[in-house]
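Asks: So that you have it, the file is protein_34.txt, and it contains compact mmCIF, C-alpha atoms and all ligand atoms:
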```txt
# COMPACT_ATOMS: atom_id res chain seq x y z
CA MET A 267 -63.49 -136.77 -0.76
CA VAL A 268 -61.51 -135.32 2.10
CA VAL A 269 -61.81 -131.63 2.98
CA GLY A 270 -59.05 -130.06 5.04
CA VAL A 271 -59.83 -127.13 7.32
CA LEU A 272 -56.94 -125.23 8.89
CA GLY A 273 -57.76 -123.34 12.09
CA ALA A 274 -60.33 -124.60 14.62
CA GLY A 275 -61.49 -121.19 15.85
CA THR A 276 -64.91 -119.61 15.33
CA MET A 277 -64.89 -119.99 11.56
CA GLY A 278 -62.84 -123.15 11.05
CA ALA A 279 -64.94 -125.14 13.53
CA GLY A 280 -68.13 -123.89 11.83
CA ILE A 281 -66.87 -124.74 8.34
CA ALA A 282 -65.85 -128.25 9.50
CA GLN A 283 -69.38 -128.74 10.88
CA VAL A 284 -70.99 -127.61 7.60
CA ALA A 285 -68.77 -129.98 5.59
CA ALA A 286 -69.35 -132.98 7.87
CA GLN A 287 -73.11 -132.40 8.07
CA ASN A 288 -73.20 -132.52 4.29
CA GLY A 289 -71.33 -135.81 4.01
CA SER A 290 -67.72 -134.67 3.48
CA GLU A 291 -64.87 -136.30 5.36
CA VAL A 292 -63.04 -133.55 7.25
CA VAL A 293 -59.53 -133.17 8.64
CA LEU A 294 -59.55 -130.22 11.05
CA VAL A 295 -56.07 -129.00 11.98
CA ASP A 296 -55.03 -126.39 14.54
CA LEU A 297 -51.64 -125.75 16.14
CA ASN A 298 -53.39 -125.43 19.44
CA GLN A 299 -54.76 -128.70 20.91
CA GLU A 300 -57.03 -126.73 23.26
CA MET A 301 -58.82 -125.15 20.30
CA LEU A 302 -59.37 -128.60 18.79
CA THR A 303 -60.80 -129.96 22.03
CA LYS A 304 -63.03 -126.90 22.34
CA ALA A 305 -64.25 -127.32 18.75
CA GLU A 306 -64.99 -131.00 19.34
CA ASN A 307 -66.87 -130.36 22.59
CA ASN A 308 -68.87 -127.53 21.03
CA LEU A 309 -69.85 -129.69 18.09
CA ASP A 310 -70.99 -132.46 20.45
CA LYS A 311 -73.26 -129.96 22.22
CA VAL A 312 -74.65 -128.50 18.98
CA LEU A 313 -75.39 -131.97 17.57
CA ALA A 314 -76.98 -133.15 20.84
CA ARG A 315 -79.32 -130.15 20.64
CA LEU A 316 -80.19 -131.00 17.02
CA VAL A 317 -81.06 -134.57 18.10
CA GLU A 318 -83.20 -133.21 20.95
CA LYS A 319 -85.09 -130.99 18.50
CA GLY A 320 -85.57 -133.93 16.16
CA SER A 321 -83.61 -132.24 13.33
CA ILE A 322 -81.19 -135.20 13.10
CA SER A 323 -81.21 -138.76 14.41
CA GLU A 324 -78.76 -140.20 16.93
CA ASP A 325 -77.20 -142.24 14.10
CA GLU A 326 -76.70 -139.13 11.98
CA LYS A 327 -75.06 -137.42 14.94
CA ILE A 328 -72.61 -140.29 15.31
CA ASN A 329 -71.91 -140.28 11.55
CA ILE A 330 -71.22 -136.54 11.51
CA GLN A 331 -68.89 -136.82 14.51
CA GLY A 332 -67.15 -139.77 12.86
CA ARG A 333 -66.47 -137.78 9.70
CA ILE A 334 -64.20 -135.26 11.46
CA THR A 335 -60.60 -136.06 12.34
CA TYR A 336 -58.95 -133.60 14.73
CA SER A 337 -55.21 -133.08 14.40
CA THR A 338 -52.33 -130.74 15.22
CA ASP A 339 -50.30 -131.98 12.24
CA VAL A 340 -50.71 -130.29 8.83
CA HIS A 341 -49.26 -133.44 7.19
CA ASP A 342 -52.69 -134.97 7.77
CA PHE A 343 -53.88 -132.83 4.80
CA LYS A 344 -51.95 -135.17 2.49
CA SER A 345 -55.06 -136.75 0.92
CA SER A 346 -57.29 -133.64 0.95
CA LYS A 347 -58.93 -132.48 -2.28
CA ILE A 348 -59.22 -128.98 -0.89
CA VAL A 349 -57.89 -127.19 2.19
CA ILE A 350 -59.82 -124.19 3.54
CA GLU A 351 -57.66 -121.96 5.70
CA ALA A 352 -59.31 -120.07 8.59
CA ILE A 353 -56.43 -118.87 10.79
CA VAL A 354 -55.46 -115.37 11.96
CA GLU A 355 -56.07 -112.47 9.59
CA LYS A 356 -52.38 -111.66 8.99
CA LEU A 357 -50.96 -111.74 5.48
CA GLU A 358 -47.48 -112.75 6.56
CA VAL A 359 -48.79 -115.73 8.54
CA LYS A 360 -51.06 -116.80 5.67
CA HIS A 361 -48.10 -116.55 3.24
CA ASN A 362 -46.00 -118.92 5.37
CA VAL A 363 -48.88 -121.31 5.84
CA PHE A 364 -49.82 -121.46 2.13
CA ALA A 365 -46.21 -121.97 1.01
CA ASN A 366 -45.89 -124.81 3.52
CA LEU A 367 -49.25 -126.38 2.60
CA GLU A 368 -48.16 -126.66 -1.03
CA THR A 369 -45.24 -128.89 -0.01
CA ILE A 370 -47.66 -131.29 1.74
CA VAL A 371 -50.80 -131.60 -0.39
CA SER A 372 -51.25 -133.27 -3.81
CA GLN A 373 -50.70 -131.44 -7.12
CA GLU A 374 -54.49 -131.20 -7.62
CA CYS A 375 -55.40 -129.96 -4.15
CA ILE A 376 -57.16 -126.58 -4.08
CA LEU A 377 -55.97 -124.09 -1.48
CA ALA A 378 -58.72 -121.76 -0.28
CA SER A 379 -58.74 -118.92 2.21
CA ASN A 380 -61.65 -117.76 4.36
CA THR A 381 -60.07 -114.30 4.71
CA SER A 382 -62.47 -111.38 5.18
CA SER A 383 -60.17 -108.63 4.02
CA LEU A 384 -56.92 -109.81 2.44
CA SER A 385 -56.29 -110.05 -1.28
CA ILE A 386 -56.55 -113.59 -2.65
CA ALA A 387 -54.03 -112.70 -5.37
CA SER A 388 -51.52 -111.82 -2.68
CA ILE A 389 -52.19 -114.94 -0.62
CA GLY A 390 -51.73 -117.07 -3.77
CA SER A 391 -48.54 -115.26 -4.84
CA VAL A 392 -46.39 -117.56 -2.66
CA LEU A 393 -47.59 -120.71 -4.43
CA LYS A 394 -45.67 -122.43 -7.21
CA ASN A 395 -49.01 -123.35 -8.76
CA SER A 396 -51.12 -120.30 -7.95
CA SER A 397 -53.99 -121.40 -10.25
CA ARG A 398 -55.20 -123.48 -7.27
CA VAL A 399 -55.80 -120.52 -4.95
CA ILE A 400 -59.30 -119.17 -4.28
CA GLY A 401 -61.23 -117.23 -1.64
CA ILE A 402 -64.13 -119.09 0.01
CA HIS A 403 -65.61 -116.65 2.48
CA PHE A 404 -68.19 -117.94 4.97
CA PHE A 405 -70.23 -115.77 7.31
CA ASN A 406 -70.43 -116.16 11.06
CA PRO A 407 -71.95 -118.47 12.31
CA ALA A 408 -71.02 -120.64 9.31
CA PRO A 409 -73.54 -123.44 10.01
CA LEU A 410 -76.42 -120.93 10.09
CA MET A 411 -75.58 -118.23 7.54
CA PRO A 412 -76.45 -119.40 4.03
CA LEU A 413 -74.07 -117.10 2.12
CA VAL A 414 -70.60 -118.00 0.89
CA GLU A 415 -68.64 -115.53 -1.25
CA ILE A 416 -66.43 -117.34 -3.78
CA ILE A 417 -63.53 -115.19 -4.90
CA PRO A 418 -61.33 -116.19 -7.83
CA ALA A 419 -58.05 -114.29 -7.91
CA VAL A 420 -56.39 -113.21 -11.17
CA GLN A 421 -54.33 -116.44 -11.00
CA THR A 422 -57.26 -118.83 -10.28
CA SER A 423 -58.04 -121.46 -12.91
CA GLN A 424 -61.55 -122.19 -14.20
CA GLU A 425 -61.27 -125.75 -12.74
CA THR A 426 -60.55 -124.34 -9.28
CA LEU A 427 -63.54 -122.01 -9.55
CA ASP A 428 -65.88 -124.71 -10.90
CA PHE A 429 -64.89 -127.18 -8.19
CA SER A 430 -65.39 -124.57 -5.45
CA LYS A 431 -68.80 -123.55 -6.77
CA GLU A 432 -69.94 -127.15 -6.90
CA LEU A 433 -68.63 -127.93 -3.43
CA ILE A 434 -70.39 -124.94 -1.87
CA SER A 435 -73.68 -125.76 -3.55
CA SER A 436 -73.36 -129.42 -2.48
CA TRP A 437 -73.10 -128.08 1.09
CA LYS A 438 -76.47 -126.36 0.43
CA LYS A 439 -75.03 -122.88 0.71
CA VAL A 440 -75.80 -119.86 -1.46
CA GLY A 441 -72.57 -119.25 -3.36
CA VAL A 442 -71.99 -115.90 -5.03
CA ILE A 443 -69.02 -115.13 -7.24
CA CYS A 444 -67.16 -111.90 -6.66
CA LYS A 445 -64.05 -110.14 -7.83
CA ASP A 446 -60.96 -110.06 -5.63
CA THR A 447 -61.62 -106.49 -4.40
CA PRO A 448 -61.63 -105.02 -0.85
CA GLY A 449 -64.55 -106.16 1.30
CA PHE A 450 -65.74 -108.51 -1.50
CA ILE A 451 -69.53 -107.93 -1.77
CA VAL A 452 -71.04 -107.80 1.70
CA ASN A 453 -68.33 -105.96 3.61
CA ARG A 454 -68.16 -103.35 0.86
CA VAL A 455 -71.86 -102.81 0.12
CA ALA A 456 -72.86 -102.78 3.82
CA ARG A 457 -70.44 -99.98 4.84
CA PRO A 458 -73.02 -97.14 4.60
CA TYR A 459 -75.36 -99.00 6.97
CA TYR A 460 -72.87 -98.12 9.69
CA GLY A 461 -71.09 -95.08 8.25
CA GLU A 462 -74.16 -93.06 7.28
CA ALA A 463 -75.95 -93.93 10.54
CA LEU A 464 -72.90 -92.67 12.47
CA LYS A 465 -72.82 -89.48 10.40
CA ILE A 466 -76.52 -88.82 11.03
CA TYR A 467 -75.83 -89.22 14.76
CA GLU A 468 -72.73 -87.00 14.65
CA GLU A 469 -74.70 -84.21 12.98
CA GLY A 470 -77.16 -84.38 15.87
CA LEU A 471 -80.09 -85.25 13.62
CA ALA A 472 -81.07 -88.22 15.78
CA ASP A 473 -79.76 -90.38 18.61
CA PHE A 474 -78.79 -94.09 18.48
CA ALA A 475 -82.20 -95.36 19.59
CA THR A 476 -84.09 -93.22 17.07
CA ILE A 477 -81.88 -94.28 14.15
CA ASP A 478 -82.23 -97.94 15.19
CA TRP A 479 -86.00 -97.56 15.52
CA ALA A 480 -86.25 -95.96 12.06
CA MET A 481 -84.17 -98.63 10.32
CA THR A 482 -86.07 -101.53 11.92
CA THR A 483 -89.64 -100.26 12.14
CA ILE A 484 -89.77 -98.18 8.95
CA GLY A 485 -86.88 -99.72 7.00
CA GLY A 486 -87.68 -103.33 7.90
CA PHE A 487 -84.06 -104.25 8.76
CA ARG A 488 -83.72 -106.95 11.38
CA MET A 489 -81.34 -104.94 13.59
CA GLY A 490 -80.69 -101.20 13.75
CA PRO A 491 -77.14 -100.08 12.87
CA PHE A 492 -76.08 -99.30 16.45
CA THR A 493 -77.54 -102.49 17.90
CA LEU A 494 -75.81 -104.38 15.09
CA MET A 495 -72.43 -102.67 15.64
CA ASP A 496 -72.74 -103.51 19.36
CA TYR A 497 -73.48 -107.10 18.38
CA ILE A 498 -70.56 -107.41 15.92
CA GLY A 499 -68.24 -105.51 18.29
CA ASN A 500 -67.05 -101.96 17.66
CA ASP A 501 -63.43 -103.16 17.62
CA VAL A 502 -64.16 -105.65 14.82
CA ASN A 503 -66.50 -103.35 12.87
CA TYR A 504 -64.13 -100.38 13.12
CA ALA A 505 -61.18 -102.50 11.96
CA VAL A 506 -63.13 -103.63 8.87
CA THR A 507 -64.12 -100.02 8.07
CA GLU A 508 -60.53 -98.82 8.42
CA SER A 509 -59.22 -101.64 6.26
CA VAL A 510 -61.81 -101.06 3.51
CA PHE A 511 -61.10 -97.27 3.64
CA ALA A 512 -57.32 -97.80 3.26
CA SER A 513 -57.77 -100.48 0.59
CA PHE A 514 -59.89 -98.09 -1.51
CA TYR A 515 -57.07 -95.53 -1.43
CA TYR A 516 -58.98 -93.41 1.09
CA ASP A 517 -62.13 -92.91 -0.94
CA PRO A 518 -64.29 -90.58 1.26
CA ARG A 519 -67.28 -92.92 0.77
CA PHE A 520 -65.67 -95.29 3.27
CA LYS A 521 -64.31 -92.77 5.78
CA PRO A 522 -64.42 -94.18 9.33
CA SER A 523 -66.18 -92.29 12.12
CA PHE A 524 -64.62 -90.66 15.18
CA THR A 525 -67.64 -91.63 17.22
CA GLN A 526 -67.00 -95.29 16.54
CA LYS A 527 -63.26 -94.86 17.04
CA ARG A 528 -63.75 -93.28 20.46
CA HIS A 529 -66.19 -96.01 21.50
CA MET A 530 -63.63 -98.59 20.44
CA GLU A 531 -60.78 -96.78 22.25
CA ALA A 532 -62.87 -96.57 25.41
CA GLY A 533 -63.39 -100.34 25.32
CA PHE A 534 -67.10 -99.84 24.53
CA TYR A 535 -67.06 -102.81 22.15
CA GLY A 536 -70.71 -103.61 22.56
CA ARG A 537 -72.47 -106.66 24.01
CA LYS A 538 -69.28 -108.60 24.66
CA SER A 539 -67.84 -105.85 26.90
CA GLY A 540 -71.17 -104.97 28.53
CA ARG A 541 -71.26 -101.53 26.96
CA GLY A 542 -71.21 -100.09 23.46
CA TYR A 543 -73.57 -97.48 22.09
CA TYR A 544 -75.97 -98.94 24.63
CA ASN A 545 -75.37 -100.08 28.19
CA TYR A 546 -76.00 -103.81 28.64
CA ALA A 547 -75.57 -103.94 32.41
CA GLU A 548 -78.42 -105.77 34.12
CA GLY A 549 -81.29 -103.54 35.09
CA THR A 550 -80.32 -100.72 32.69
CA VAL A 551 -83.30 -99.26 30.87
CA LEU A 552 -82.60 -98.81 27.17
CA PRO A 553 -83.14 -95.26 25.84
CA GLN A 554 -86.44 -94.40 24.16
CA ALA A 555 -86.54 -93.57 20.46
CA ASN A 556 -88.15 -90.40 19.15
CA GLU A 557 -90.82 -92.10 17.05
CA ASP A 558 -91.35 -89.16 14.71
CA LYS A 559 -92.38 -90.76 11.40
CA VAL A 560 -91.18 -87.86 9.21
CA LEU A 561 -87.74 -87.90 10.82
CA GLY A 562 -87.67 -91.72 10.68
CA GLN A 563 -88.45 -91.80 6.96
CA LYS A 564 -85.75 -89.20 6.32
CA ILE A 565 -83.19 -91.38 8.10
CA VAL A 566 -84.24 -94.51 6.19
CA ASN A 567 -84.22 -92.72 2.81
CA ARG A 568 -80.72 -91.39 3.39
CA ILE A 569 -79.11 -94.64 4.57
CA LEU A 570 -80.95 -96.71 1.97
CA ALA A 571 -79.91 -94.40 -0.90
CA MET A 572 -76.28 -94.74 0.20
CA LEU A 573 -76.56 -98.54 0.41
CA ILE A 574 -78.17 -98.71 -3.04
CA ASN A 575 -75.47 -96.46 -4.51
CA GLU A 576 -72.84 -98.85 -3.15
CA ALA A 577 -74.66 -101.92 -4.50
CA ILE A 578 -74.86 -100.22 -7.91
CA ASP A 579 -71.13 -99.45 -7.78
CA ALA A 580 -70.40 -103.16 -7.24
CA VAL A 581 -72.39 -103.96 -10.40
CA PHE A 582 -70.89 -101.00 -12.32
CA LEU A 583 -67.35 -102.23 -11.59
CA ASN A 584 -68.22 -105.89 -12.28
CA VAL A 585 -67.45 -106.96 -8.72
CA ALA A 586 -70.49 -109.24 -9.01
CA THR A 587 -73.68 -109.65 -11.04
CA LYS A 588 -76.82 -107.77 -9.98
CA GLU A 589 -78.37 -111.12 -8.95
CA ASP A 590 -75.38 -112.04 -6.77
CA VAL A 591 -75.22 -108.58 -5.14
CA ASP A 592 -78.85 -108.96 -4.06
CA LEU A 593 -78.37 -112.57 -2.94
CA ALA A 594 -75.31 -111.57 -0.92
CA MET A 595 -77.10 -108.89 1.08
CA THR A 596 -80.20 -110.96 1.81
CA ASN A 597 -78.29 -114.18 2.67
CA GLY A 598 -75.13 -112.76 4.26
CA VAL A 599 -76.56 -109.95 6.40
CA ASN A 600 -80.30 -110.70 6.32
CA TYR A 601 -81.37 -107.51 4.53
CA PRO A 602 -85.16 -107.53 4.11
CA LYS A 603 -84.81 -107.15 0.32
CA GLY A 604 -82.08 -107.12 -2.28
CA LEU A 605 -80.87 -103.52 -2.60
CA LEU A 606 -81.20 -103.44 -6.40
CA LYS A 607 -84.69 -104.91 -6.33
CA TRP A 608 -85.50 -102.34 -3.65
CA ALA A 609 -84.08 -99.58 -5.88
CA ASP A 610 -86.44 -100.66 -8.68
CA GLU A 611 -89.38 -100.49 -6.27
CA ILE A 612 -88.48 -97.03 -4.97
CA GLY A 613 -87.77 -95.84 -8.51
CA LEU A 614 -84.20 -95.27 -9.67
CA ASN A 615 -85.04 -91.62 -10.36
CA ASN A 616 -86.04 -91.18 -6.69
CA VAL A 617 -82.79 -92.77 -5.49
CA LEU A 618 -80.83 -90.46 -7.80
CA MET A 619 -82.76 -87.42 -6.58
CA GLN A 620 -82.03 -88.31 -2.94
CA LEU A 621 -78.29 -88.68 -3.64
CA GLU A 622 -78.15 -85.46 -5.65
CA GLU A 623 -79.85 -83.59 -2.81
CA LEU A 624 -77.25 -84.90 -0.35
CA PHE A 625 -74.43 -84.18 -2.78
CA HIS A 626 -75.56 -80.58 -3.26
CA GLU A 627 -76.23 -79.99 0.43
CA TYR A 628 -72.90 -81.37 1.66
CA GLY A 629 -70.65 -80.89 -1.36
CA GLU A 630 -68.97 -84.11 -0.29
CA ASP A 631 -67.70 -86.73 -2.68
CA ARG A 632 -69.14 -89.56 -0.59
CA TYR A 633 -72.61 -88.65 -1.92
CA ARG A 634 -71.70 -88.73 -5.62
CA PRO A 635 -74.29 -90.77 -7.51
CA ASN A 636 -72.87 -93.73 -9.41
CA PRO A 637 -72.56 -93.28 -13.20
CA LEU A 638 -74.56 -96.48 -13.80
CA LEU A 639 -77.45 -95.06 -11.77
CA ARG A 640 -77.41 -91.85 -13.83
CA ARG A 641 -77.23 -93.82 -17.07
CA MET A 642 -80.11 -96.11 -16.12
CA VAL A 643 -82.34 -93.21 -15.07
CA LYS A 644 -81.59 -91.44 -18.36
CA GLU A 645 -82.49 -94.58 -20.31
CA GLY A 646 -85.54 -95.36 -18.15
CA LYS A 647 -84.14 -98.78 -17.20
CA HIS A 648 -84.67 -101.08 -14.20
CA PHE A 649 -82.41 -103.73 -12.72
CA PHE A 650 -85.07 -106.45 -12.85
CA ASN A 651 -88.34 -106.84 -14.72
N1 LIG B 701 -64.98 -114.27 12.96
C1 LIG B 701 -65.69 -113.90 11.92
O1 LIG B 701 -66.80 -113.38 12.06
C2 LIG B 701 -65.17 -114.15 10.53
C3 LIG B 701 -66.07 -114.17 9.46
C4 LIG B 701 -65.59 -114.46 8.19
C5 LIG B 701 -64.25 -114.67 7.98
N2 LIG B 701 -63.38 -114.62 9.03
C6 LIG B 701 -61.96 -114.90 8.74
O2 LIG B 701 -61.69 -116.25 9.11
C7 LIG B 701 -60.37 -116.38 9.60
C8 LIG B 701 -60.38 -116.97 11.00
O3 LIG B 701 -61.14 -116.16 11.84
P1 LIG B 701 -61.73 -116.68 13.24
O4 LIG B 701 -62.64 -115.62 13.74
O5 LIG B 701 -62.23 -118.07 13.09
O6 LIG B 701 -60.39 -116.70 14.13
P2 LIG B 701 -60.13 -117.39 15.54
O7 LIG B 701 -59.17 -116.55 16.24
O8 LIG B 701 -61.42 -117.75 16.21
O9 LIG B 701 -59.43 -118.78 15.14
C9 LIG B 701 -58.17 -118.86 14.52
C10 LIG B 701 -57.60 -120.24 14.82
O10 LIG B 701 -56.43 -120.44 14.02
C11 LIG B 701 -55.46 -121.10 14.80
N3 LIG B 701 -54.16 -120.82 14.18
C12 LIG B 701 -53.50 -119.66 14.15
N4 LIG B 701 -52.36 -119.78 13.43
C13 LIG B 701 -52.34 -121.06 12.97
C14 LIG B 701 -51.46 -121.80 12.16
N5 LIG B 701 -50.36 -121.26 11.65
N6 LIG B 701 -51.75 -123.10 11.89
C15 LIG B 701 -52.86 -123.67 12.40
N7 LIG B 701 -53.75 -123.01 13.18
C16 LIG B 701 -53.48 -121.73 13.46
C17 LIG B 701 -55.63 -120.56 16.19
O11 LIG B 701 -55.11 -121.46 17.15
C18 LIG B 701 -57.17 -120.44 16.27
O12 LIG B 701 -57.74 -121.62 16.76
C19 LIG B 701 -59.73 -115.00 9.48
O13 LIG B 701 -59.05 -114.92 8.27
C20 LIG B 701 -60.95 -114.09 9.50
O14 LIG B 701 -60.71 -112.86 8.84
C21 LIG B 701 -63.80 -114.38 10.29
```
Can the structure from this file be put into structure tokens for me?
Ligand SMILES: NC(=O)c1ccc[n+]([C@@H]2O[C@H](COP(=O)([O-])OP(=O)(O)OC[C@H]3O[C@@H](n4cnc5c(N)ncnc54)[C@H](O)[C@@H]3O)[C@@H](O)[C@H]2O)c1
Replies:
Amino acid sequence: MVVGVLGAGTMGAGIAQVAAQNGSEVVLVDLNQEMLTKAENNLDKVLARLVEKGSISEDEKINIQGRITYSTDVHDFKSSKIVIEAIVEKLEVKHNVFANLETIVSQECILASNTSSLSIASIGSVLKNSSRVIGIHFFNPAPLMPLVEIIPAVQTSQETLDFSKELISSWKKVGVICKDTPGFIVNRVARPYYGEALKIYEEGLADFATIDWAMTTIGGFRMGPFTLMDYIGNDVNYAVTESVFASFYYDPRFKPSFTQKRHMEAGFYGRKSGRGYYNYAEGTVLPQANEDKVLGQKIVNRILAMLINEAIDAVFLNVATKEDVDLAMTNGVNYPKGLLKWADEIGLNNVLMQLEELFHEYGEDRYRPNPLLRRMVKEGKHFFN
């Protein structure tokens, strides 16, 4: 079976590697020959390192390399069973590309998009046979991150969904199914990790280092929110927040932060620009956290309650099952525990109490507890046994 991948940038090159490592024949197409050469050279380096570590043999390396054909011509997708598009995040460009792809591929070929933020229904609207469109959203770096969000649009057929699920599991990835809604699962549920941390900072309750210390040392998260935003890039993270906020018709839960906007405007993108919330210049001493346990616990409780409320909303609105919401957060962004499992452990009544306290103190809609949470507390229910 031949898998087509369109776009040989960060994501496309990674997806091609995943497919080839798992035995699929791959045609990787990019308009730009330089990107193809770069992808090929990078893969050679990555595979050489895997041979050095003993993870794969020299023969396997040669086989993997041999499974990928690099091309600048989309007509080479002719015999593909599926094409996964990973080009620029612009709806108009994706529309043109999908309409053109349909004139090249077979009747049965599935057309998937790796988009992070665009609607799959809209991408598929340009197709004559839109039942073949689907979202297949990998996380960066694709070869290392286990999660893949699979997003059927309203037009997607059951066969398209079944094939995609099977393909992703044959590539040994954790596939979760989610509704075609803004941010899918991860980019929606994770918003408060950044947004609430920024709000706590803006109120002067704690500085970046203290919030990061609380979330890692007390909360058990792998990276604090400010370190993580610096790692992702404030330009990228701010753009996602703005897009989710607009897509949810300006629901105050997703309101972006001026602090992040100003950092972005100043070019303080984070690690890649040498400065973000922290200064990464050589020899700079990172600021010390205020390791006050009471303050730290307060910070963790507040951010965690907001994250759990968002995870519950995804279940309440049937964006995904409770199992898939938890799998998404542990496999897509390395959360130490699934948020719903965590909610059970803390006690749903305690989560509700925390949100009600915030709601009463601030009188802001962003703190409104989800109706499903209220209902479950009333009925004494848990998410899992
Ligand atoms: N970078 C991430 O962390 C990430 C994570 C998940 C999903 N995504 C999504 O994946 C997609 C690609 O993102 P990326 O970060 O890999 O981008 P990128 O800029 O690294 O790569 C895009 C590639 O597409 C090529 N391209 C552009 N227009 C083309 C066309 N019409 N035909 C063929 N090739 C074309 C470019 O030459 C470039 O090589 C976007 O939709 C993005 O939202 C990105």
Asks: For the interface of chain A with ligand LIG 701 (chain B) (cut-off 10 Å, counting all atoms listed in the file), please tabulate each contacting residue of chain A alongside its nearest pair of atoms and their separation in Å to one decimal, rows sorted by chain and increasing number, as a tab-separated table.
Replies:
```
residue	atom	partner	partner_atom	distance
A:Val271	CA	B:LIG701	C15	9.3
A:Leu272	CA	B:LIG701	C15	5.6
A:Gly273	CA	B:LIG701	O10	3.7
A:Ala274	CA	B:LIG701	O12	4.5
A:Gly275	CA	B:LIG701	O9	3.2
A:Thr276	CA	B:LIG701	O5	3.8
A:Met277	CA	B:LIG701	O5	3.6
A:Gly278	CA	B:LIG701	O5	5.5
A:Ala279	CA	B:LIG701	O5	7.6
A:Gly280	CA	B:LIG701	O5	8.4
A:Ile281	CA	B:LIG701	O5	9.4
A:Leu294	CA	B:LIG701	C15	9.5
A:Val295	CA	B:LIG701	C15	6.2
A:Asp296	CA	B:LIG701	N7	3.9
A:Leu297	CA	B:LIG701	C15	4.4
A:Asn298	CA	B:LIG701	O11	4.9
A:Gln299	CA	B:LIG701	O11	8.2
A:Glu300	CA	B:LIG701	O11	8.3
A:Met301	CA	B:LIG701	O12	5.1
A:Leu302	CA	B:LIG701	O12	7.4
A:Lys304	CA	B:LIG701	O12	9.3
A:Ala305	CA	B:LIG701	O12	8.9
A:Ser337	CA	B:LIG701	C15	9.9
A:Thr338	CA	B:LIG701	C15	7.6
A:Asp339	CA	B:LIG701	C15	8.7
A:Val340	CA	B:LIG701	C15	7.8
A:Ile350	CA	B:LIG701	O2	9.9
A:Glu351	CA	B:LIG701	C7	7.3
A:Ala352	CA	B:LIG701	C7	4.0
A:Ile353	CA	B:LIG701	O10	3.6
A:Val354	CA	B:LIG701	C19	5.0
A:Glu355	CA	B:LIG701	O13	4.1
A:Lys356	CA	B:LIG701	O13	7.5
A:Leu357	CA	B:LIG701	O13	9.1
A:Val359	CA	B:LIG701	N5	6.5
A:Lys360	CA	B:LIG701	N5	7.5
A:His361	CA	B:LIG701	N5	9.9
A:Asn362	CA	B:LIG701	N5	8.0
A:Val363	CA	B:LIG701	N5	6.0
A:Phe364	CA	B:LIG701	N5	9.5
A:Asn366	CA	B:LIG701	N5	9.9
A:Ser379	CA	B:LIG701	O13	7.3
A:Asn380	CA	B:LIG701	O2	5.0
A:Thr381	CA	B:LIG701	O13	3.8
A:Ser382	CA	B:LIG701	O14	4.3
A:Ser383	CA	B:LIG701	O14	6.4
A:Leu384	CA	B:LIG701	O14	8.0
A:Ile402	CA	B:LIG701	C5	9.1
A:His403	CA	B:LIG701	C5	6.0
A:Phe404	CA	B:LIG701	C4	5.4
A:Phe405	CA	B:LIG701	C4	4.9
A:Asn406	CA	B:LIG701	O1	4.7
A:Pro407	CA	B:LIG701	O1	7.2
A:Ala408	CA	B:LIG701	C3	8.1
A:Val414	CA	B:LIG701	C4	9.5
A:Glu415	CA	B:LIG701	C4	10.0
A:Ile498	CA	B:LIG701	O1	8.0
A:Val502	CA	B:LIG701	O1	8.6
A:Val506	CA	B:LIG701	O14	9.5
```
Asks: Considering all atoms listed in the file, state which residue in the set A:Phe582, A:Phe492, A:Phe511, A:Tyr543 is at the smallest distance from Arg457 (chain A).
Replies: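 Of A:Phe582, A:Phe492, A:Phe511, A:Tyr543, the one nearest Arg457 (chain A), counting all atoms listed in the file, is A:Phe511.
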Asks: Can you work out which one of A:Arg398, A:Arg568, A:Arg528, A:Lys445 has the shortest atom-to-atom distance to Asp428 (chain A), counting only C-alpha atoms?
Replies: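 Using only C-alpha atoms, Asp428 (chain A) sits closest to A:Arg398.
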Asks: Would you compute the distance between CA of Glu358 (chain A) and CA of Ile389 (chain A)? Give it in Å to one decimal.
Replies: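 Interatomic distance here is 8.9 Å.
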Asks: Leaving out Thr596 (chain A) and any residue of its chain fewer than 6 positions from it, which residues lie within 10 Å of it when counting only C-alpha atoms, given as a short mmCIF file (atom, residue, chain, number, x, y, z; two decimals) with C-alpha atoms, in the frame of the given file?
Replies:
```cif
data_model
loop_
_atom_site.label_atom_id
_atom_site.label_comp_id
_atom_site.auth_asym_id
_atom_site.auth_seq_id
_atom_site.Cartn_x
_atom_site.Cartn_y
_atom_site.Cartn_z
CA PRO A 412 -76.45 -119.40 4.03
CA LEU A 413 -74.07 -117.10 2.12
CA VAL A 452 -71.04 -107.80 1.70
CA ASP A 590 -75.38 -112.04 -6.77
CA PRO A 602 -85.16 -107.53 4.11
CA LYS A 603 -84.81 -107.15 0.32
CA GLY A 604 -82.08 -107.12 -2.28
CA LEU A 605 -80.87 -103.52 -2.60
#
```
Asks: A:Ile466, A:Ile322, A:Ile451, A:Ile417: which is nearest Val510 (chain A), counting only C-alpha atoms?
Replies: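 The shortest atom-to-atom distance to Val510 (chain A) comes from A:Ile451.
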Asks: I need every residue sitting at most 7 Å from the point (-83.9, -91.5, -13.0) (coordinates as in the file, all atoms listed in the file considered), written as a list of chain:residue names.
Replies: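 Residues with an atom at most 7 Å from (-83.9, -91.5, -13.0): A:Leu614, A:Asn615, A:Asn616, A:Leu618, A:Arg640, A:Met642, A:Val643, A:Lys644, A:Gly646.
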Asks: Please, what distance in Å, to one decimal, runs between CA of His648 (chain A) and CA of Asn453 (chain A)?
Replies: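 Between these atoms lies a distance of 24.7 Å.
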Asks: Fewer than 3 positions away in the same chain doesn't count, so skip those; otherwise give me all residues within 8 Å of Asn500 (chain A), counting all atoms listed in the file, as a list of chain:residue names.
Replies: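 Near neighbours after the sequence-gap exclusion: A:Met495, A:Asp496, A:Asn503, A:Tyr504, A:Gln526, A:His529, A:Met530, A:Phe534, A:Tyr535, A:Gly536, A:Gly542.
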